[in-house]
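K.L.:
Structure in structure tokens, see below.
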Number of protein chains: 2
Amino acid sequence: MNWEKVMPGVWKASFGESGLDPLAYAKSPKTESIKELGDAPFPFNGDSTFSLLTPERAIIRIPLKPTERIYGLGLQFEDINRRGNVYTLKVDHFSLKKSDGGVKGATHAPVPFYVSSNGYGILINSSKRVKIHVGIGNRKDSKKPDPIDRTTERKKWTSQPLSDAVEASVQGSGLEVYVFSGRTPLEVVQRYNLYCGGGVLPPKWGLGFWHRMRTESSTEDVLEDIQNFDQHNFPIDVIGLESGWQNFAYPCSYDWDSVRFPDPKKFVETLNNKGIKVNLWENPYVAQTSTMFKDISPFTGSHTVWLGEVPDYTIPEAQKVLLNHHQKNHLNLGVSGYKIDEIDGYDKWLYPDHATFPSGNDAVEMRQLYGLILQKMLGDHFKKQNIRTYGLVRSSYIGASSHPFVVYTDHYDHKNCVTALVNSSFSGVLLTPEVCRAESAEELLRRFQTVCFSPMMQLNAWKWNTKPWSFPEVTDMIRDNIQLRTDLLPYLYTAFYNYNQKGIPVFRAMVLESGYDSKESVTVGELDGETNLYEEQIIMEVSDQYMMGPSILVAPAFTGETERKVVLPRGNWYDFYTGALMGNGETITIKTKLEQIPLFVKDGAIIPMLSSKEVKDPNKIFLEVRHYGTKENTFQLYNDDGETFNYEEGDNTLLELKVAEGKDGKLKGQSNFINNKKYSYGKIVWLWMSN
Amino acid sequence: MNWEKVMPGVWKASFGESGLDPLAYAKSPKTESIKELGDAPFPFNGDSTFSLLTPERAIIRIPLKPTERIYGLGLQFEDINRRGNVYTLKVDHFSLKKSDGGVKGATHAPVPFYVSSNGYGILINSSKRVKIHVGIGNRKDSKKPDPIDRTTERKKWTSQPLSDAVEASVQGSGLEVYVFSGRTPLEVVQRYNLYCGGGVLPPKWGLGFWHRMRTESSTEDVLEDIQNFDQHNFPIDVIGLESGWQNFAYPCSYDWDSVRFPDPKKFVETLNNKGIKVNLWENPYVAQTSTMFKDISPFTGSHTVWLGEVPDYTIPEAQKVLLNHHQKNHLNLGVSGYKIDEIDGYDKWLYPDHATFPSGNDAVEMRQLYGLILQKMLGDHFKKQNIRTYGLVRSSYIGASSHPFVVYTDHYDHKNCVTALVNSSFSGVLLTPEVCRAESAEELLRRFQTVCFSPMMQLNAWKWNTKPWSFPEVTDMIRDNIQLRTDLLPYLYTAFYNYNQKGIPVFRAMVLESGYDSKESVTVGELDGETNLYEEQIIMEVSDQYMMGPSILVAPAFTGETERKVVLPRGNWYDFYTGALMGNGETITIKTKLEQIPLFVKDGAIIPMLSSKEVKDPNKIFLEVRHYGTKENTFQLYNDDGETFNYEEGDNTLLELKVAEGKDGKLKGQSNFINNKKYSYGKIVWLWMSN
């Protein structure tokens, strides 16, 4: 393959016709930030990679070293290390059930980008379904281990002999491939995110508390819920309306229901005046009853979904129809954003692969990009008006890091959702595990705790009408967890700024953390007639803990478990709540407390928090700055107006928080504004957690 | 589409390049038998079907009536009626576990042939993976029901609105499609099977008892097992050797292991002299240590499987290499056939879709046809020597009905296996559920009972060393069930002859039986956050009973169940064991007996059986002919030498068994030979079961 350098540490090779270009729906690269990362060497001999075109498909081969680990490939809900598996990267529901028609690799955001533990990443920039063999399978002419006679040496024989390559293919006549290099896997991820335009900086309200109403809710129901939340002393920053806000849904009219919402303008105003944003659910399938049907119909595909027509938003005129309608009927009323549903699958709930679209684009490529295209067109539309939006989307893809949307799922296995949150950091997507329902007080609490430490703190009550106080015995604990997340806003918002500027994921896999040795325990496999036919070894990974921001390690507790293992990277780590030293580069077992999600903090960490005591009165806010451990350190605290794009023109405030040893040998904290004081959090109170 | 009539009741239409032709690996059509079926009308207006070519795929559309049911699509393990689902028909392991990477439709024999309850069948004669939407999804321009607002009328809304078509597509530049018509669904199946060369007539020994040895078994182990079976008074007609007979396996050498089998010729002779046939396990992946490696290597594909090379058997020279080797090392020693394993998948245990082969055929098509090609080449090779073989194969496809192989699976759910046996009758394939292992005496007995009423009565002890006497408390019952199957040989062998001559499947779905109303009970679906997102109705079908031969209805009993429902077609049905009248066109609930598999017999049924008393001495055999109910009837009993193809030249015996009322108004039985007495079963004893 002929690798052409396009930027420091970024190379590109392409051959043949590669079809619809996913990167065309990403923001343009943050060139300056990539330059700041500096250069990095090309990870392998060019001639050790190769590409091949057959009449049926385009194929690439990337070499693999024996000990290399491979991460990413999008929003996968199981495992971290992809090596030894085959994936067909297809936009679909994620489900463990066969009924989903889902191949391994089928998920809401099947991003064909992987990161190697050896410090490089490969992006297959295709909108086709990439089938990828990650270190599984050997070519006749490749370096192979010696075969072993299974009938005499069962235990040594393996059905997955070590392979020396990743091989990927698409059905089509060409491919475009990128290599992202870096000194560490994290730098590779940063470079990828920056190449896609950097990470999103959500509006501050987006990091607040989201409450989605039940489907059939009316104006009265919403106002009643708001009152109830207030009475129970729970915040609401965003109200999400599900399909019932429309006068026809499944397929969608996008027009307000005159019975449930007789005066939408007044409704949205009322909420906005209470400081509550309004988010509207929709799916892309247009009902004949919609006021935009006549205009969009000329731009729809051959097949319907739930009898609604499917717009081809690769056509600019089609985009205009939706945006004009939404501007007039939603944005002009003050609607803050959207939840875009039902674009992922299953196959039987979507247009078929063989559907045709007026643009001539293949339906498989349309499905792969549909969520990405909608994120881009809606995000850009809000930006044109200098408004930051933040919403939800059911599918995403390559180049989504800069788009203001969070992926959600119906798959509700708590541990799987945490693993997906971990894996999202390799692919430039955000995930909210949501709280929808709970069988027990403990489950409700545990799920709320995870949601509070995710990109979107949302209660999705669309069906089950769950409330934070559904189980009185844990109501106060849930409130405290929400409060903690709220207090962490300065820390979290700054982390998102670094996502935006440097491409550092806010919620990160441990393997992206320096000083972390990815722990895999291997157990000899027992033969099972169905689940383990070849007595394969079973590999257990740490897939249930992650980093939030520069220095907080989150290790969620799960229902029914009273203790858990936590792997601490090298360096001293402290208990977030007490400041006590917990360990250093080791695996510890902790007893979990019901009221707390286990959090650990790095030596020297500086964590700015709102003082919850007076948080309700913005004028009285002051900043509590915590320091953990014994190390000197600095932290650049970021702030801005929280809702416009003026920050891009420098209308923001950077405050340096510095901890250094004073003459008396004691650590002292000091702070000074780097640019201006405009967005100051006010008075600073230092808290020495480990003294 | 332009439908061209190719035979009475058979039409063909094709467009573009349709690739590797599956029917090229079927036997040629039984033209005479098809003519005997008579003609049948073309099932729909030609112009109501259409085809389309896009740059990516070839598409066909076949109209569907609102009440039509669709059956088939190969060896599916769940459901009978395919309507309302999407299938990607791919050769793969079947598994309910996501780990299989299996799409719905992925199975050992994903035959792209479906049968309509309205009396026609559609064959998509492609070796590509056919993706088929069976009455799900609506085109913009098709007749659609009115959409319903889900938010106000939840219960009426459906995520699967009625669709007026089946749509199918393949990735490629053309398709070939056949229509098979018939007055009944059974006639459609017959016509399809006859077009593929008719059904297989196994050698008699093939319908006997098969015992597969443990993997590492030696000559001594085999002889010891044979002795044990004899001591426990259990028959063995075939000994199957698993991989351990070879001196290298996984990948395969195909050469005898000199330690476990120092004198293969003597070993096979010894068994043959005891009247026991020898079946050899193999997979197609060639080890470098094989004596045929040097010769086959020039004809192998780009990728290895378990480090073995993958022969391209679409190349005649490659076939010669294997056949010469097997003739010299196996057939010349008296080996009776093969078990062909590991050709189905999973993806991670196979060559990738992007592998290349010297013939230039696409790997996806190679995988789809691999099992079919091996069946054809081995079957034909035995036939050249006028020897009937009967073996096992792990994957099959279009046109397999005439091939002497039975499909087997690792999927061990008992009910699923029965459903697969039911579905196999729509697709011209045979399935053995096998007995491998059992958790309890009851399970062992129940699985043996099903196996005794399947195309191959096999105990597969390859790993678990299960024996018919593993649970002493059911040993005698298992022996009785095996004896019953053995006694039914004349009835069963005649049924296979009718499969061979008329294409009537021996083991048949109830919906192929006249007088049967397919019962589906519909229950309102409860919303479930993961398994039933749209509160879909749940449809329960009768998928756990089937016909064996013209008049026996088999309703297996399952572990832990003491009663079961049985749906009886119209007409009187009788208990096989007692002759008691059980019902007529109704659903009955029976208490199951541990020692018996529930069997029901049609009014007027004539069932010829060996008399078990003296079965061991062939010279003393006499025939017990049972009659059930009160109807007059005739039965043409078939017999031949049981092991050669001389029957095709008329070297066989047809004996008409006739039951008619005598002058005294009583039913009387008479028999007369139609052609000759050469293969007489001897003296006939009539048994009146319902008198």
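Here's how to read the names in the structure tokens: chain A, B, ... by the order shown, residue numbers from 1 in each chain, ligand numbers from 1 in the order shown.
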Could you list the residues in chain A lying within 6 Å of chain B, using only C-alpha atoms, and format the result as a list in words?
P.N.:
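Residues of chain A within 6 Å of chain B, counting only C-alpha atoms: Val86, Leu96, Lys98, Gly101, Gly102, Val103, Lys104, Asn138, Arg139, Lys140, Asp149, Thr151, Gly244, Phe248, Ala249, Tyr250, Ser302, His303, Thr304 and Lys348 of chain A.
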K.L.:
Would you export the selected residues with all heavy atoms as a compact mmCIF listing (two decimals), in the first residue's frame, please?
P.N.:
# COMPACT_ATOMS: atom_id res chain seq x y z
N VAL A 86 -13.65 -12.18 14.94
CA VAL A 86 -14.08 -11.66 13.65
C VAL A 86 -15.30 -10.77 13.88
O VAL A 86 -16.20 -11.15 14.63
CB VAL A 86 -14.49 -12.81 12.70
CG1 VAL A 86 -14.88 -12.27 11.33
CG2 VAL A 86 -13.37 -13.83 12.58
N LEU A 96 -27.72 -9.40 22.89
CA LEU A 96 -27.08 -10.71 23.00
C LEU A 96 -27.98 -11.77 22.39
O LEU A 96 -27.58 -12.90 22.19
CB LEU A 96 -26.81 -11.04 24.47
CG LEU A 96 -25.76 -10.16 25.14
CD1 LEU A 96 -25.68 -10.49 26.63
CD2 LEU A 96 -24.41 -10.38 24.49
N LYS A 98 -30.13 -13.80 19.66
CA LYS A 98 -29.96 -14.08 18.24
C LYS A 98 -31.04 -13.37 17.43
O LYS A 98 -30.85 -13.00 16.29
CB LYS A 98 -30.04 -15.59 18.02
CG LYS A 98 -29.86 -15.99 16.58
CD LYS A 98 -29.58 -17.48 16.48
CE LYS A 98 -29.83 -17.99 15.09
NZ LYS A 98 -31.22 -17.78 14.66
N GLY A 101 -30.66 -10.71 14.78
CA GLY A 101 -29.99 -10.84 13.50
C GLY A 101 -28.61 -10.22 13.53
O GLY A 101 -28.04 -9.87 12.51
N GLY A 102 -28.09 -10.02 14.73
CA GLY A 102 -26.84 -9.27 14.86
C GLY A 102 -25.63 -10.18 14.78
O GLY A 102 -25.54 -11.16 15.50
N VAL A 103 -24.73 -9.86 13.89
CA VAL A 103 -23.44 -10.52 13.84
C VAL A 103 -22.60 -9.94 14.97
O VAL A 103 -22.89 -8.86 15.47
CB VAL A 103 -22.78 -10.21 12.48
CG1 VAL A 103 -21.39 -10.80 12.41
CG2 VAL A 103 -23.64 -10.73 11.36
N LYS A 104 -21.52 -10.61 15.38
CA LYS A 104 -20.59 -9.99 16.32
C LYS A 104 -20.04 -8.74 15.64
O LYS A 104 -19.58 -8.80 14.51
CB LYS A 104 -19.47 -10.97 16.68
CG LYS A 104 -18.64 -10.49 17.85
CD LYS A 104 -17.94 -11.63 18.59
CE LYS A 104 -17.41 -11.12 19.93
NZ LYS A 104 -16.93 -12.18 20.80
N ASN A 138 -4.83 -17.57 9.31
CA ASN A 138 -3.47 -17.49 8.77
C ASN A 138 -3.48 -17.72 7.26
O ASN A 138 -4.14 -18.65 6.79
CB ASN A 138 -2.58 -18.56 9.41
CG ASN A 138 -2.31 -18.25 10.86
OD1 ASN A 138 -1.40 -17.51 11.19
ND2 ASN A 138 -3.14 -18.81 11.74
N ARG A 139 -2.72 -16.91 6.56
CA ARG A 139 -2.55 -17.14 5.12
C ARG A 139 -1.57 -18.28 4.92
O ARG A 139 -0.70 -18.54 5.74
CB ARG A 139 -2.02 -15.88 4.44
CG ARG A 139 -2.95 -14.69 4.52
CD ARG A 139 -2.36 -13.52 3.76
NE ARG A 139 -2.24 -13.82 2.35
CZ ARG A 139 -3.23 -13.65 1.48
NH1 ARG A 139 -4.39 -13.18 1.89
NH2 ARG A 139 -3.07 -13.94 0.21
N LYS A 140 -1.73 -18.95 3.79
CA LYS A 140 -0.84 -20.04 3.42
C LYS A 140 0.61 -19.53 3.44
O LYS A 140 1.51 -20.21 3.90
CB LYS A 140 -1.20 -20.50 2.01
CG LYS A 140 -0.99 -21.95 1.75
CD LYS A 140 -1.84 -22.46 0.58
CE LYS A 140 -1.51 -21.80 -0.75
NZ LYS A 140 -2.18 -22.52 -1.88
N ASP A 149 -1.02 -32.00 16.67
CA ASP A 149 -1.99 -33.08 16.49
C ASP A 149 -2.96 -33.09 17.67
O ASP A 149 -2.61 -33.46 18.78
CB ASP A 149 -1.26 -34.43 16.40
CG ASP A 149 -2.26 -35.58 16.25
OD1 ASP A 149 -3.47 -35.32 16.25
OD2 ASP A 149 -1.79 -36.72 16.12
N THR A 151 -5.35 -34.98 18.34
CA THR A 151 -5.77 -36.28 18.86
C THR A 151 -4.76 -36.88 19.82
O THR A 151 -5.04 -37.85 20.50
CB THR A 151 -5.98 -37.28 17.70
OG1 THR A 151 -4.74 -37.47 17.04
CG2 THR A 151 -7.00 -36.75 16.72
N GLY A 244 -44.94 11.00 21.97
CA GLY A 244 -46.28 11.55 22.14
C GLY A 244 -46.44 13.04 21.98
O GLY A 244 -47.57 13.55 21.95
N PHE A 248 -48.77 12.71 15.28
CA PHE A 248 -48.72 11.37 14.67
C PHE A 248 -47.30 10.82 14.86
O PHE A 248 -46.34 11.50 14.51
CB PHE A 248 -49.08 11.41 13.19
CG PHE A 248 -49.53 10.08 12.66
CD1 PHE A 248 -50.88 9.78 12.51
CD2 PHE A 248 -48.61 9.07 12.36
CE1 PHE A 248 -51.30 8.55 12.05
CE2 PHE A 248 -49.02 7.84 11.91
CZ PHE A 248 -50.37 7.57 11.75
N ALA A 249 -47.22 9.66 15.43
CA ALA A 249 -45.87 9.11 15.61
C ALA A 249 -45.84 7.61 15.50
O ALA A 249 -46.73 6.94 16.03
CB ALA A 249 -45.27 9.53 16.93
N TYR A 250 -44.83 7.23 14.82
CA TYR A 250 -44.51 5.96 14.18
C TYR A 250 -45.44 5.76 13.02
O TYR A 250 -46.44 5.08 13.18
CB TYR A 250 -44.56 4.79 15.17
CG TYR A 250 -43.37 4.69 16.07
CD1 TYR A 250 -42.95 5.77 16.83
CD2 TYR A 250 -42.66 3.50 16.16
CE1 TYR A 250 -41.85 5.65 17.66
CE2 TYR A 250 -41.56 3.39 17.00
CZ TYR A 250 -41.16 4.46 17.74
OH TYR A 250 -40.08 4.33 18.56
N SER A 302 -36.89 3.93 -1.72
CA SER A 302 -37.88 3.01 -2.32
C SER A 302 -38.76 2.34 -1.28
O SER A 302 -39.90 1.98 -1.56
CB SER A 302 -37.14 1.92 -3.10
OG SER A 302 -36.28 1.20 -2.22
N HIS A 303 -38.26 2.17 -0.06
CA HIS A 303 -39.00 1.42 0.96
C HIS A 303 -39.40 2.31 2.12
O HIS A 303 -38.76 3.33 2.38
CB HIS A 303 -38.14 0.26 1.47
CG HIS A 303 -38.03 -0.88 0.50
ND1 HIS A 303 -37.33 -0.77 -0.69
CD2 HIS A 303 -38.54 -2.15 0.53
CE1 HIS A 303 -37.41 -1.91 -1.35
NE2 HIS A 303 -38.13 -2.76 -0.64
N THR A 304 -40.47 1.89 2.79
CA THR A 304 -40.94 2.63 3.97
C THR A 304 -40.42 1.94 5.23
O THR A 304 -40.03 0.77 5.20
CB THR A 304 -42.47 2.64 4.02
OG1 THR A 304 -42.94 1.29 4.14
CG2 THR A 304 -43.04 3.26 2.76
N LYS A 348 -35.42 -6.14 10.49
CA LYS A 348 -36.84 -6.26 10.16
C LYS A 348 -37.61 -5.00 10.53
O LYS A 348 -38.79 -4.89 10.21
CB LYS A 348 -37.45 -7.50 10.78
CG LYS A 348 -37.51 -7.53 12.29
CD LYS A 348 -38.18 -8.84 12.70
CE LYS A 348 -38.40 -8.89 14.20
NZ LYS A 348 -39.11 -10.14 14.58
K.L.:
Find the residues around Leu444 of chain A up to 9 Å (only C-alpha atoms counted), leave out those fewer than 3 positions away in its own chain, and share them as a list in words.
P.N.:
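The residues that qualify are Val435, Cys436, Arg437, Ala438, Glu439, Ser440, Ala441, Arg447, Phe448, Gln449, Pro468, Ser470, Phe471, Val474, Ile478 and Thr559 of chain A.
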K.L.:
Fewer than 3 positions away in the same chain doesn't count, so skip those; otherwise give me all residues within 7 Å of segment 647-657 of chain A, counting only C-alpha atoms, as a list in words.
P.N.:
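Those residues are Thr634, Phe635, Gln636, Leu637, Tyr638, Asn639, Asp640, Gln670, Ser671, Asn672, Phe673, Ile674, Asn675, Asn676, Lys677, Lys678 and Tyr679 of chain A.
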K.L.:
Residues as selected, C-alpha atoms, written as a JSON list (two decimals), in the first residue's frame, can you do that?
P.N.:
[["chain", "number", "residue", "atom", "x", "y", "z"],
["A", 634, "THR", "CA", -1.16, 22.26, 38.38],
["A", 635, "PHE", "CA", -4.64, 22.24, 36.85],
["A", 636, "GLN", "CA", -5.96, 24.64, 34.22],
["A", 637, "LEU", "CA", -9.60, 25.22, 35.11],
["A", 638, "TYR", "CA", -11.74, 26.15, 32.12],
["A", 639, "ASN", "CA", -14.96, 28.17, 32.02],
["A", 640, "ASP", "CA", -17.11, 30.07, 29.55],
["A", 670, "GLN", "CA", -2.46, 29.21, 44.66],
["A", 671, "SER", "CA", -4.45, 30.31, 41.64],
["A", 672, "ASN", "CA", -4.08, 32.90, 38.89],
["A", 673, "PHE", "CA", -6.10, 33.79, 35.87],
["A", 674, "ILE", "CA", -4.29, 33.14, 32.59],
["A", 675, "ASN", "CA", -6.43, 35.24, 30.26],
["A", 676, "ASN", "CA", -9.29, 37.01, 32.09],
["A", 677, "LYS", "CA", -11.59, 36.77, 35.08],
["A", 678, "LYS", "CA", -14.80, 36.99, 33.07],
["A", 679, "TYR", "CA", -16.03, 33.51, 33.90]]
K.L.:
Measure the distance from atom CA of Ala13 of chain A to atom CA of Glu32 of chain A in Å and round it to one decimal.
P.N.:
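Pair atom CA of Ala13 of chain A / atom CA of Glu32 of chain A returns 22.6 Å.
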K.L.:
Within 12 Å of segment 22-24 of chain B, counting only C-alpha atoms, which residues qualify if same-chain residues fewer than 4 places away don't, as a count of residues only?
P.N.:
38
K.L.:
Nearest to Tyr390 of chain B among B:Ser336, B:Asn416, B:Ser253, B:Ser51, with distances taken over only C-alpha atoms: which residue is it?
P.N.:
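Selected residue with least distance to Tyr390 of chain B: B:Ser336.
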K.L.:
One decimal, in Å: what's the spacing between atom CA of Asp39 of chain A and atom CA of Gly9 of chain A?
P.N.:
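About the pair atom CA of Asp39 of chain A and atom CA of Gly9 of chain A: they are 5.2 Å apart.
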